[in-house]
Structures are given as C-alpha cells and as structure tokens.
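Reviewing the structure listed below.
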Amino acid sequence: MFNIYKKNYPFYGRIYPVLILCLLLGLMQEVVALVEPQIISLIVDRVINPAFGKAPVENTSFFMFLIEDIPADNLGGILAILIATFVVFLLLYFVTFYARWNIAHYFSLSCDNDLRLMVLKKINGFGPGITKEYSSGDLITIVNSDSQKIRNFHVATIPFIIDSIFYIVIALVILSKISLWLTVFPLLTLGIYLLITKGFLKLLYKMDDEMWAKNSEFNTETQESIYGIRTIKSYGREDMRKKRFYDRADDLSEFYTMFGKKRYRYWLLYDSIDQIVLVVSMAISIALAVNLRMTSGEYAAFIAYMFNITGYFIDIIFLSSDIQDEKVSTKRLHTFLEKRDLVAEKYGTKTVSEKPHIELKNVVVNMEEEKAIVDGVSIDIPYGKKIGLMGKTGCGKSIIIKAMQAFVEHNGGEILFDGIDSREYDRGEIARAFGYAMQDVFLFSNTIESNIAYYNPDADEELIRKCGRAAEVDEFAENFAEGYQTIIGEKGFGLSGGQKQRVAIARALLKDAPVIVLDDCTSALDMETESKIFKNLEEFFKGKSIVMATHRAKALKDFDEIIYMEDGKVAERGTFDELMALDGHYASIYKQQMDKEALINE
C-alpha cells in the first residue's frame, strides 16, 4: 500500500492536504452514524416505552444530558428535543457528504488527468518499439482503467477503510460500556474473516493479470473492428469479424462468470458468518435485557451497531481486495512510465535552425537485423533545394524520408543538420522542422478546418482557406453544406482517399516548416488534380527545401535533383535533363507515363 502512495506521490502529493480534509469530513459522517443509535435508544426508553405505560429508565446514551431537566412525563418535549438533535446530525451528515465528495472528485480529477497525460506523452514520445511490446488495447487499458483505479485508491478505497475502522473501534467501545460480552462476537468474527480473506486475496491476485489481459484483447478487437470497417465491408467479411468479436466477448464473459462464481462463494461465506454472529449476539443481548442488565433502548442501539459493524467488516475485506487490484494497476502503469526509451536517449537538446542544410552521408537503415532497406544513400540538401525520389514500391524512398525526420533510426552513416549530427538535436525539434504529408493519411474526427489547422489551432481563417485552396480542398469542401466546418468523421471516414490526401497536403502547408516533405501524397489523385496542386504549391515552395517521393515522373521535372532508387541503393541521380539523356529507369518511366497521359487526353 505504501508503494502505491510512493509511486503516485508526484501526481497526487499536491492534493494530500485536501484529501486529509476529505478524510476528516468522512470521519464526521461516521460520528453522525455512531450517535444516531444513541438518540434512538433514548426515544425507545424515554418516549415509546413510557407511552405504553412502562416506567422511564436511565440508559448509557451520550444524550441523557439533553433531557435531564425535562419532566419524565413530558413525552412530547423529550421527543421534540431528541428529534431536533437527530435532524441536526442528519443535516451535518448531508453537508459533510456533499462537501467531501465534491472536493475529493474536483481535485483528484486534475491529478488523474496529469497522470493520463503523462502516459500519453510517453506513448507519443516513444520510438516504434512501443507498438511491439504493447497492443493498442494494452495502452487504452493503462490510460483508462489503471489510472482510474489509482484515483479510486486515493479518493475512495483508503478513506473508506479508515472510515470503517474508525466506526468499528468506536462502536466496540460504546458496546463495552453496556457490556463487555457484546464485544466478544464482533471480535471473534474479525478473526474468522481474516483467515478467510487470506484465500480471497490470493484468488484476486491470481485472477487480476488474466482479467487485464482479456480486457486488453477485447479492447483491441473492438478497436480494429471499428477502424477497419471499410476493409471488412469491402471484402464482405462482416460475418467473420462478427464471429471474432463474439469469440472475444464470450471469452471475456466466461472469465467474468467464472471469477464471479468464485467471488460469490466467498461473499456467501462472509454473509453466513455475519448472520450466525448476529443471531448469537442478539441471543446474548436478549439474555442481558431479560436480566435487566440492558434496557430496551440499549438493545435497539446494539442491533444497529451490530448490523453496521458486520457490514463494515465486509467492506474492509472487499476494499482490501480493491487495494490488491490498485497495487497491480500502479505497478503496470508505472512500469510503462519508467520504461526507458533507448532511442530517445541517443538524442540531444539542440534546436534545428530556420534554414537547415541537410546532409545524408552513406546512410544505412537496417530494420530488425534483416537485409538493409536503405544501403549507403548520400543526399545533399542545401536550404531551398528540391529533391525528388522515385523507385518501385519497397525501394526505400519512404524509409529515407522517415530517417531524415528521426521517425526511423539509421544504423550506419550520418544524417547532419547544418553539419551537426542529427542525434545532437532534440527529436521533437527535428520533427518540427518538417511539414510532412504522407500517403497513409490520418485525420481526426473534427472539421476539415480543424484538421488543416492541426499544428496551429489559432491560425487565421484566411490562412487556412489559402492552404485549402492550394491543395484543391475547395473543390470538394464547398460541396458540403457546412463547407470547411463539416465534421469528417473518425479517421476521415467521411472523405475519399484523394480528399484525405488533399487535406493532409493543406495541413503540411499551414505548418509553414522550412522543409516540405511529400511522401507519395498524391497517389490517390488523378493526374489533372495533381497538376493543379503542384502548380498552386509553387507559391508555398518558394525558398523552402522540398523532398518528394512519388511514382509520377512528371511531378519531378522541375526539381533540382532526381534520385531513382533500387533495392535500397541509388541507381540513378541527376537533373531531369541529365536523366532523360541517360535514358535509364527514370526516362523509361517518364516516357511510359507521358504516352499513357496522351492516350487518356485523346
């Protein structure tokens, strides 16, 4: 338990004074719960019994002093005082309850958000290896479930346990004032419960990891079924996916059913012991009452205390099981947070200049010790130079682009910014130096305008429209009733592939980074739209460095250098005129594409 506090102190430490205040308010609620039976006992002995002709008797209630000066036969006056006292304590209970939970939840939510944001920051900052160790379901469960359990530990579990212990101790002291015999069976019950709880906690510890894994698998399956809906429908595999979903759901359901049965066996055992102890305790209290060693009011108070004490015993047991669960969640979440990002540790803190000169010298990228995807590639990109990359699918052009931006690690050679090794720079600063439009576009469930202005949400509306016009977004956006304010749906499901690519290009332009990177980002566009976009982009490209990977040879005609790649190596390089004169791969592709374009235009 101490370890949970220690691990989460950086996030929750600042509100510990608030939580202590909430704990005191909770103890005030328990004080109210403790005094209520005392008032009831007086009502029985000094009002109800006398009303039926029995003589009023003294009892051990705390509130005897309130009615000492009232004549014993003034039943209405006594009842009014006791009811008024009861109402005051009832109001106190509601006030403390309301204040406690509003304060606790208000302040703890900010801590919970900080913890979730730290996990999200870790996910965003981590290298690609994170997806190999954790599935998307794992990460969702860590962010949502584990962080929530940590908050529950601070706000509910520990305060409730302290409340319960406080009530039990004070209630036993009160019962001992009536008769020590009344405390024997509650204490005996506690001993029996502790023995049973050892097995119960062992069961929970065994089941918790399996429960987490099955929830994670189900979350992953659900996420893939939603995000892959277009692919599923296009292949007519809804039935197959439905079966996979139901298999996961049934597996999870069977586990919870099995786990629930085992838990209910313990609950049944706890409840049976509770009932037995209660009956025996009632028998003892009746014997005491018959022998005039307990009044009717004290008997009524005893019954109330016994019900509450046994209830609190069970609460403590199940709250202890929550601690076990919260302990595992803390370990899992902080294991993730403390995981070293060995890739990030290679990088420094330098900031990329506003006009970077980028050099790749004999760069090698070898993914997972397989054959090099990029092998000895050298490219010189002084600021303002336009570089085009071509080659068959899998030739390595996209990997070069990602390595340049530190999205993929190079295993050999050097990548330099202004003559300084890229690993001396902050990885985030390297990413900020590039405006990146990729082939596989991810759009957020928001408006077209918001997706374009993703890098700068406060961007001027005219600038957003300007970038949209340059990327030919206007062509389809103006056909929507809401225009640029149209919500496009999760992952851009409301748009076609070509429309999403145009939004991605506009988003890269609005970033206004010194280096523009276009990675086959017009592959879903027709040649006419592509030509319009490249013509529109000339204004944005002025003075900036451009690196573009494409299968369209014509798009690179005006570039300063065209690099044709094969099997991760540079096969041809030069200007458009030089490559056409070489009459190699590039020239052959260019002629084929131009002949096809001419045929389409006829």
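Labels for the structure tokens follow display order: chains A, B, ..., residues from 1 in each chain, ligands from 1.
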Next item on the list: Tell me, as a PyMOL selection string, which residues lie within 9 Å of Ile562 (chain A), counting only C-alpha atoms; anything in the same chain fewer than 2 positions away does not count.
Entry: chain A and resi 386-390+556-557+559-560+564+572-576+579+586
Next item on the list: Once DSSP has gone over the backbone, tell me which residues of region 298-452 of chain A are in helix (DSSP H, G or I), as a PyMOL selection string.
Entry: chain A and resi 298-337+344-346+367-369+397-404+422-424+427-432+448-452
Margin query: Report, in Å to a single decimal, how far apart CA of Arg423 (chain A) and CA of Tyr347 (chain A) are.
Written below: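 Value for the CA of Tyr347 (chain A)-CA of Arg423 (chain A) distance: 4.4 Å.
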Check: Do you have the CA of Lys261 (chain A)-CA of Met207 (chain A) distance handy?
Finding: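 That distance, rounded to one decimal, is 12.6 Å.
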Check: From the list A:Gly384, A:Gly428, A:Gly483, A:Gly348, which residue is nearest Asn124 (chain A) when using only C-alpha atoms?
Finding: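 Nearest to Asn124 (chain A): A:Gly428.
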Notebook entry, point to check: Suppose you want the space between CA of Gln29 (chain A) and CA of Ser179 (chain A); what is it in Å?
Noted result: 25.6 Å
Next item on the list: Find the residues around Met211 (chain A) up to 12 Å (only C-alpha atoms counted), leave out those fewer than 2 positions away in its own chain, and share them as number ranges by chain.
Entry: A: 138, 141, 145, 203-209, 213-218, 251-260, 325, 328-329
Check: Quick one: residues within 8 Å of Thr96 (chain A), only C-alpha atoms counted, chain neighbours fewer than 2 positions away excluded, as an NGL selection string?
Finding: :A and (25-26 or 28-29 or 92-94 or 98-100)
